[in-house]
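Here the structure comes first, spelled out in structure tokens, and everything after it is commentary.
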Amino acid sequence: MSPLRRRLMFGVPLALAVAGGEGFYILLRRMQAQDYDPHALPSPLIGKRPPAFALPGAAGMQGFSNADIAAPPKPMLVNWFASWCVPCAEEAAMLGKLAARGLTIWGIAYEDDAADLARFLASNGNPYKRIAADQQGTTAINWGVYGVPETYFIDRNGIVRWRYAGALTDDVVASTLNPLLEKYA
Amino acid sequence: MRRVVFALLLLPAIAGAQALVTRDGVTLTPAQESRAEAVGDQLRCLVCQNESIEDSDAKLAGQLRGIIRTQVAQGVPDRDIMKFMVQRYGIFVLLKPPVSPLTYLLYAMPALALLLGLAAFCFGRPRPETPAPLDEAEALRLKNLLQ
């Protein structure tokens, strides 16, 4: 066996193993830093306006349609939630903090019951300026919502810039939402 | 007797009614139902992520099955039903990913692996090394030994 072949037979598998290890290491590091979530799905709505809809109000608040979020005066969030959803209750405090900071949040109650919704808002607080009811879940399907809570970031032109599935946490707000608010302010 | 004849006359109607399948609130003929199932089998349930829409018990999967069946009843082609789903949920909803720049590497993998294996096989196989020719002293010794 020539020295070159011997070196290659040792070196090539070693290089492959090192490259694979490095790849997994980067993946895990990014997952740990909340920079990458293997379960997150890219939303086809990113870069587009939400599809046409017109939903009635809920919990005594005004509902809204796609036209109402076509050109908001400043970037805003549309938050899909439901009184029957456990992570939504956990997220409520964070939404309250964001609303107190002056961020406009509109809610869409997904397949919810009016009485349950009123109770949910009474016990968890109401960070929403408007709440629409998607009783049948058809608007949710058109938006590509696959669970609650889901939060959509909408810029001044009414374009969806970010979708987050799951309860917003301090980490997510710091790493993604705050930079977006700065970028599209 | 007349009653029996009447009942017999009704039989085909009953059989026809039984042939229709109702699932997720939409009634279809067996042919339409099997078409709807074939479409649903190719779509991933977004809630449980590793089941098809047909297999999943999630509520969203049931709603999507209803949409598929409504569209099948309206005569929407399979391709357009798939497009409807991809527009909303992205290509992740397809259990079989389409060939696109994002998936070239995925689809090229079997061929790449085969090539890599062939290269390793050809390159890594130990080849018998031809021994160096004997020098004069060795040739003499061999000659003596063979005598």
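Ordered as shown in the structure tokens, chains take letters A, B, and onward, while each chain numbers its residues from 1 and ligands are numbered from 1 in the order shown.
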Review point. Which chain A residues are at most 10 Å from chain B (counting only C-alpha atoms), as a list in words?
Key: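 Therefore, the residues near the partner are Met1, Ser2, Arg5, Arg6, Leu8, Met9, Val12, His39, Leu41, Pro42, Ser43, Pro44, Leu45, Pro51, Gln136, Gly137, Thr138, Ala140, Ile141, Asn142, Trp143, Gly144, Val145, Tyr146 and Gly147 of chain A.
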Practice item. Determine which residues of region 16-72 of chain B receive a DSSP assignment of alpha helix (DSSP H), computed from the backbone, and state them as a ChimeraX atom specification. Key: /B:16-19,30-41,59-72
Output of the above residues as a compact mmCIF listing (two decimals), in the first residue's frame, restricted to N, CA, C and O atoms:
```
# COMPACT_ATOMS: atom_id res chain seq x y z
N GLY B 16 -78.09 1.39 -3.23
CA GLY B 16 -77.43 2.59 -3.73
C GLY B 16 -77.11 3.54 -2.61
O GLY B 16 -76.02 4.10 -2.54
N ALA B 17 -78.07 3.70 -1.69
CA ALA B 17 -77.87 4.62 -0.57
C ALA B 17 -76.72 4.14 0.30
O ALA B 17 -75.93 4.93 0.80
N GLN B 18 -76.63 2.82 0.49
CA GLN B 18 -75.57 2.29 1.35
C GLN B 18 -74.20 2.46 0.72
O GLN B 18 -73.21 2.55 1.42
N ALA B 19 -74.15 2.51 -0.61
CA ALA B 19 -72.86 2.60 -1.28
C ALA B 19 -72.20 3.95 -1.02
O ALA B 19 -70.99 4.05 -1.07
N PRO B 30 -68.18 5.84 -3.54
CA PRO B 30 -66.95 5.13 -3.17
C PRO B 30 -65.75 5.56 -4.02
O PRO B 30 -64.64 5.66 -3.52
N ALA B 31 -65.98 5.82 -5.31
CA ALA B 31 -64.86 6.23 -6.18
C ALA B 31 -64.30 7.58 -5.73
O ALA B 31 -63.08 7.76 -5.63
N GLN B 32 -65.22 8.51 -5.42
CA GLN B 32 -64.77 9.83 -4.95
C GLN B 32 -64.05 9.70 -3.61
O GLN B 32 -63.04 10.35 -3.37
N GLU B 33 -64.61 8.84 -2.73
CA GLU B 33 -64.01 8.66 -1.41
C GLU B 33 -62.59 8.11 -1.54
O GLU B 33 -61.68 8.56 -0.85
N SER B 34 -62.39 7.15 -2.45
CA SER B 34 -61.03 6.60 -2.56
C SER B 34 -60.09 7.64 -3.16
O SER B 34 -58.91 7.68 -2.82
N ARG B 35 -60.60 8.51 -4.02
CA ARG B 35 -59.77 9.61 -4.54
C ARG B 35 -59.38 10.55 -3.41
O ARG B 35 -58.22 10.94 -3.28
N ALA B 36 -60.37 10.88 -2.56
CA ALA B 36 -60.10 11.78 -1.43
C ALA B 36 -59.08 11.17 -0.49
O ALA B 36 -58.17 11.84 0.01
N GLU B 37 -59.20 9.83 -0.26
CA GLU B 37 -58.25 9.15 0.62
C GLU B 37 -56.84 9.18 0.03
O GLU B 37 -55.86 9.37 0.75
N ALA B 38 -56.77 9.00 -1.29
CA ALA B 38 -55.46 9.02 -1.95
C ALA B 38 -54.80 10.39 -1.80
O ALA B 38 -53.59 10.48 -1.59
N VAL B 39 -55.60 11.46 -1.87
CA VAL B 39 -55.04 12.81 -1.69
C VAL B 39 -54.61 12.99 -0.23
O VAL B 39 -53.49 13.43 0.05
N GLY B 40 -55.49 12.60 0.68
CA GLY B 40 -55.20 12.78 2.12
C GLY B 40 -53.98 11.98 2.56
O GLY B 40 -53.24 12.40 3.45
N ASP B 41 -53.75 10.82 1.93
CA ASP B 41 -52.60 9.99 2.29
C ASP B 41 -51.29 10.68 1.96
O ASP B 41 -50.25 10.32 2.50
N LYS B 59 -58.07 17.42 15.29
CA LYS B 59 -59.26 18.11 14.79
C LYS B 59 -58.97 18.82 13.46
O LYS B 59 -59.79 18.77 12.54
N LEU B 60 -57.79 19.43 13.38
CA LEU B 60 -57.42 20.13 12.14
C LEU B 60 -57.39 19.15 10.96
O LEU B 60 -57.85 19.48 9.86
N ALA B 61 -56.87 17.93 11.21
CA ALA B 61 -56.82 16.93 10.14
C ALA B 61 -58.24 16.61 9.67
O ALA B 61 -58.48 16.47 8.47
N GLY B 62 -59.17 16.52 10.61
CA GLY B 62 -60.57 16.25 10.25
C GLY B 62 -61.14 17.37 9.40
O GLY B 62 -61.83 17.11 8.40
N GLN B 63 -60.82 18.62 9.77
CA GLN B 63 -61.30 19.77 8.98
C GLN B 63 -60.72 19.73 7.57
O GLN B 63 -61.41 19.99 6.59
N LEU B 64 -59.41 19.38 7.50
CA LEU B 64 -58.78 19.33 6.18
C LEU B 64 -59.34 18.18 5.35
O LEU B 64 -59.52 18.33 4.14
N ARG B 65 -59.65 17.05 6.00
CA ARG B 65 -60.30 15.94 5.27
C ARG B 65 -61.63 16.41 4.70
O ARG B 65 -61.98 16.08 3.58
N GLY B 66 -62.37 17.20 5.51
CA GLY B 66 -63.65 17.74 5.04
C GLY B 66 -63.46 18.63 3.83
O GLY B 66 -64.22 18.53 2.85
N ILE B 67 -62.41 19.47 3.86
CA ILE B 67 -62.14 20.36 2.72
C ILE B 67 -61.79 19.54 1.48
O ILE B 67 -62.29 19.80 0.39
N ILE B 68 -60.93 18.52 1.67
CA ILE B 68 -60.55 17.67 0.53
C ILE B 68 -61.80 17.04 -0.08
O ILE B 68 -62.01 17.07 -1.29
N ARG B 69 -62.69 16.50 0.79
CA ARG B 69 -63.88 15.81 0.28
C ARG B 69 -64.85 16.77 -0.40
O ARG B 69 -65.44 16.43 -1.42
N THR B 70 -64.97 17.99 0.15
CA THR B 70 -65.84 18.99 -0.50
C THR B 70 -65.31 19.31 -1.89
O THR B 70 -66.06 19.39 -2.86
N GLN B 71 -63.97 19.46 -1.98
CA GLN B 71 -63.39 19.81 -3.28
C GLN B 71 -63.50 18.64 -4.25
O GLN B 71 -63.73 18.85 -5.44
N VAL B 72 -63.33 17.40 -3.74
CA VAL B 72 -63.48 16.22 -4.62
C VAL B 72 -64.91 16.19 -5.16
O VAL B 72 -65.13 15.96 -6.35
```
Exercise for review: Grab the CA of Arg156 (chain A) to CA of Met61 (chain A) distance for me, in Å with one decimal place.
Suggested key: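 A separation of 22.8 Å between them.
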Selection: 9 Å around Asn66 (chain A), only C-alpha atoms, excl. self and same-chain fewer than 5 positions, as an mmCIF file with N, CA and C atoms, in the first residue's frame:
```
data_model
loop_
_atom_site.group_PDB
_atom_site.id
_atom_site.type_symbol
_atom_site.label_atom_id
_atom_site.label_comp_id
_atom_site.auth_asym_id
_atom_site.auth_seq_id
_atom_site.Cartn_x
_atom_site.Cartn_y
_atom_site.Cartn_z
ATOM 1 N N ARG A 49 -49.464 39.580 2.216
ATOM 2 C CA ARG A 49 -50.556 40.029 3.073
ATOM 3 C C ARG A 49 -51.425 38.824 3.415
ATOM 4 N N PRO A 50 -52.033 38.824 4.595
ATOM 5 C CA PRO A 50 -52.935 37.714 4.930
ATOM 6 C C PRO A 50 -54.089 37.627 3.928
ATOM 7 N N PRO A 51 -54.616 36.414 3.709
ATOM 8 C CA PRO A 51 -55.721 36.248 2.758
ATOM 9 C C PRO A 51 -56.988 36.960 3.247
ATOM 10 N N ALA A 52 -57.907 37.208 2.325
ATOM 11 C CA ALA A 52 -59.131 37.939 2.655
ATOM 12 C C ALA A 52 -59.935 37.217 3.738
ATOM 13 N N PHE A 53 -60.398 37.994 4.713
ATOM 14 C CA PHE A 53 -61.272 37.453 5.755
ATOM 15 C C PHE A 53 -62.028 38.615 6.379
ATOM 16 N N ALA A 54 -63.100 38.339 7.035
ATOM 17 C CA ALA A 54 -63.846 39.347 7.801
ATOM 18 C C ALA A 54 -64.493 38.606 8.948
ATOM 19 N N GLY A 158 -48.724 46.129 5.873
ATOM 20 C CA GLY A 158 -49.661 45.018 6.018
ATOM 21 C C GLY A 158 -49.067 43.683 5.625
#
```
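Assigned to strand (DSSP E or B) in region 72-120 of chain A, given DSSP computed from backbone atoms, are Met76, Leu77, Val78, Asn79, Trp80, Phe81, Thr104, Ile105, Trp106, Gly107, Ile108, Ala109 and Tyr110 of chain A.
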Who sits within 12 Å of region 29-35 of chain A, only C-alpha atoms, same chain under 4 positions skipped, as a short mmCIF file (atom, residue, chain, number, x, y, z; two decimals) with C-alpha atoms, in the first residue's frame:
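Printed below is selection-v9.cif as written:
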```
data_model
loop_
_atom_site.label_atom_id
_atom_site.label_comp_id
_atom_site.auth_asym_id
_atom_site.auth_seq_id
_atom_site.Cartn_x
_atom_site.Cartn_y
_atom_site.Cartn_z
CA GLU A 22 -19.08 19.85 13.45
CA GLY A 23 -22.48 19.98 11.68
CA PHE A 24 -24.30 18.36 14.60
CA TYR A 25 -22.47 20.62 17.04
CA HIS A 39 -40.19 21.73 14.67
CA ALA A 40 -40.80 25.26 13.40
CA LEU A 168 -43.81 33.91 23.15
CA THR A 169 -41.00 33.82 25.71
CA ASP A 170 -38.44 36.39 26.87
CA ASP A 171 -35.84 34.66 24.69
CA VAL A 172 -37.99 34.84 21.55
CA VAL A 173 -38.87 38.47 22.19
CA ALA A 174 -35.22 39.39 22.74
CA SER A 175 -33.77 37.37 19.88
CA THR A 176 -36.42 37.95 17.18
#
```
Check your understanding: Which residues come within 10 Å of Ile159 (chain A), counting only C-alpha atoms, excluding same-chain residues fewer than 6 positions away, as number ranges by chain?
Key -> A: 45-50, 69-72, 75, 152-153
Those same residues - all heavy atoms - I'd like them written as a compact mmCIF listing (two decimals), in the first residue's frame.
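Writing the result to result_12.txt gives the following:
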```
# COMPACT_ATOMS: atom_id res chain seq x y z
N LEU A 45 -47.03 32.59 4.41
CA LEU A 45 -47.56 33.97 4.42
C LEU A 45 -46.45 35.01 4.51
O LEU A 45 -46.68 36.19 4.24
CB LEU A 45 -48.49 34.17 5.62
CG LEU A 45 -49.97 33.86 5.47
CD1 LEU A 45 -50.72 34.37 6.68
CD2 LEU A 45 -50.54 34.47 4.21
N ILE A 46 -45.23 34.57 4.90
CA ILE A 46 -44.13 35.52 5.05
C ILE A 46 -43.91 36.26 3.73
O ILE A 46 -43.80 35.63 2.68
CB ILE A 46 -42.82 34.80 5.47
CG1 ILE A 46 -43.02 33.95 6.72
CG2 ILE A 46 -41.67 35.79 5.64
CD1 ILE A 46 -43.21 34.68 8.00
N GLY A 47 -43.85 37.59 3.82
CA GLY A 47 -43.65 38.40 2.61
C GLY A 47 -44.95 38.70 1.87
O GLY A 47 -44.92 39.31 0.81
N LYS A 48 -46.07 38.24 2.42
CA LYS A 48 -47.36 38.47 1.76
C LYS A 48 -48.34 39.09 2.75
O LYS A 48 -48.11 39.09 3.95
CB LYS A 48 -47.95 37.14 1.29
CG LYS A 48 -47.18 36.48 0.18
CD LYS A 48 -47.92 35.24 -0.27
CE LYS A 48 -47.02 34.36 -1.11
NZ LYS A 48 -47.25 32.95 -0.85
N ARG A 49 -49.46 39.58 2.22
CA ARG A 49 -50.56 40.03 3.07
C ARG A 49 -51.43 38.82 3.41
O ARG A 49 -51.56 37.91 2.61
CB ARG A 49 -51.40 41.07 2.34
CG ARG A 49 -50.69 42.40 2.17
CD ARG A 49 -51.73 43.52 2.05
NE ARG A 49 -51.10 44.82 2.16
CZ ARG A 49 -50.78 45.56 1.09
NH1 ARG A 49 -51.03 45.12 -0.13
NH2 ARG A 49 -50.23 46.75 1.26
N PRO A 50 -52.03 38.82 4.59
CA PRO A 50 -52.93 37.71 4.93
C PRO A 50 -54.09 37.63 3.93
O PRO A 50 -54.49 38.64 3.35
CB PRO A 50 -53.45 38.08 6.32
CG PRO A 50 -52.43 39.01 6.88
CD PRO A 50 -51.88 39.77 5.71
N ILE A 69 -55.99 45.41 8.59
CA ILE A 69 -54.57 45.24 8.90
C ILE A 69 -53.71 45.41 7.64
O ILE A 69 -52.56 45.00 7.59
CB ILE A 69 -54.27 43.87 9.57
CG1 ILE A 69 -54.86 42.72 8.75
CG2 ILE A 69 -54.82 43.84 10.98
CD1 ILE A 69 -54.45 41.35 9.26
N ALA A 70 -54.30 46.05 6.60
CA ALA A 70 -53.57 46.21 5.33
C ALA A 70 -52.53 47.32 5.42
O ALA A 70 -51.56 47.31 4.67
CB ALA A 70 -54.54 46.49 4.20
N ALA A 71 -52.73 48.29 6.33
CA ALA A 71 -51.75 49.39 6.46
C ALA A 71 -51.81 49.95 7.87
O ALA A 71 -52.27 51.07 8.09
CB ALA A 71 -52.05 50.48 5.43
N PRO A 72 -51.33 49.18 8.86
CA PRO A 72 -51.38 49.68 10.24
C PRO A 72 -50.43 50.88 10.41
O PRO A 72 -49.41 50.95 9.73
CB PRO A 72 -50.94 48.49 11.09
CG PRO A 72 -50.24 47.57 10.15
CD PRO A 72 -50.74 47.84 8.77
N PRO A 75 -45.95 48.84 13.09
CA PRO A 75 -45.99 47.37 13.08
C PRO A 75 -46.82 46.82 14.24
O PRO A 75 -46.85 47.42 15.32
CB PRO A 75 -44.52 46.98 13.24
CG PRO A 75 -43.75 48.14 12.75
CD PRO A 75 -44.58 49.35 13.08
N TYR A 152 -48.31 36.53 14.51
CA TYR A 152 -47.88 37.05 13.22
C TYR A 152 -47.46 38.50 13.39
O TYR A 152 -48.18 39.29 13.99
CB TYR A 152 -49.01 36.96 12.19
CG TYR A 152 -49.31 35.54 11.77
CD1 TYR A 152 -50.02 34.69 12.62
CD2 TYR A 152 -48.87 35.04 10.56
CE1 TYR A 152 -50.28 33.38 12.25
CE2 TYR A 152 -49.13 33.72 10.18
CZ TYR A 152 -49.84 32.90 11.03
OH TYR A 152 -50.09 31.61 10.67
N PHE A 153 -46.27 38.83 12.86
CA PHE A 153 -45.77 40.20 12.89
C PHE A 153 -46.13 40.86 11.57
O PHE A 153 -45.77 40.36 10.50
CB PHE A 153 -44.25 40.19 13.08
CG PHE A 153 -43.62 41.55 13.14
CD1 PHE A 153 -43.35 42.15 14.36
CD2 PHE A 153 -43.28 42.24 11.98
CE1 PHE A 153 -42.75 43.39 14.43
CE2 PHE A 153 -42.69 43.49 12.03
CZ PHE A 153 -42.43 44.07 13.27
```
Exercise for review: Tell me, in Å to one decimal, how far CA of Ile154 (chain A) is from CA of Arg44 (chain B).
Suggested key: 27.5 Å
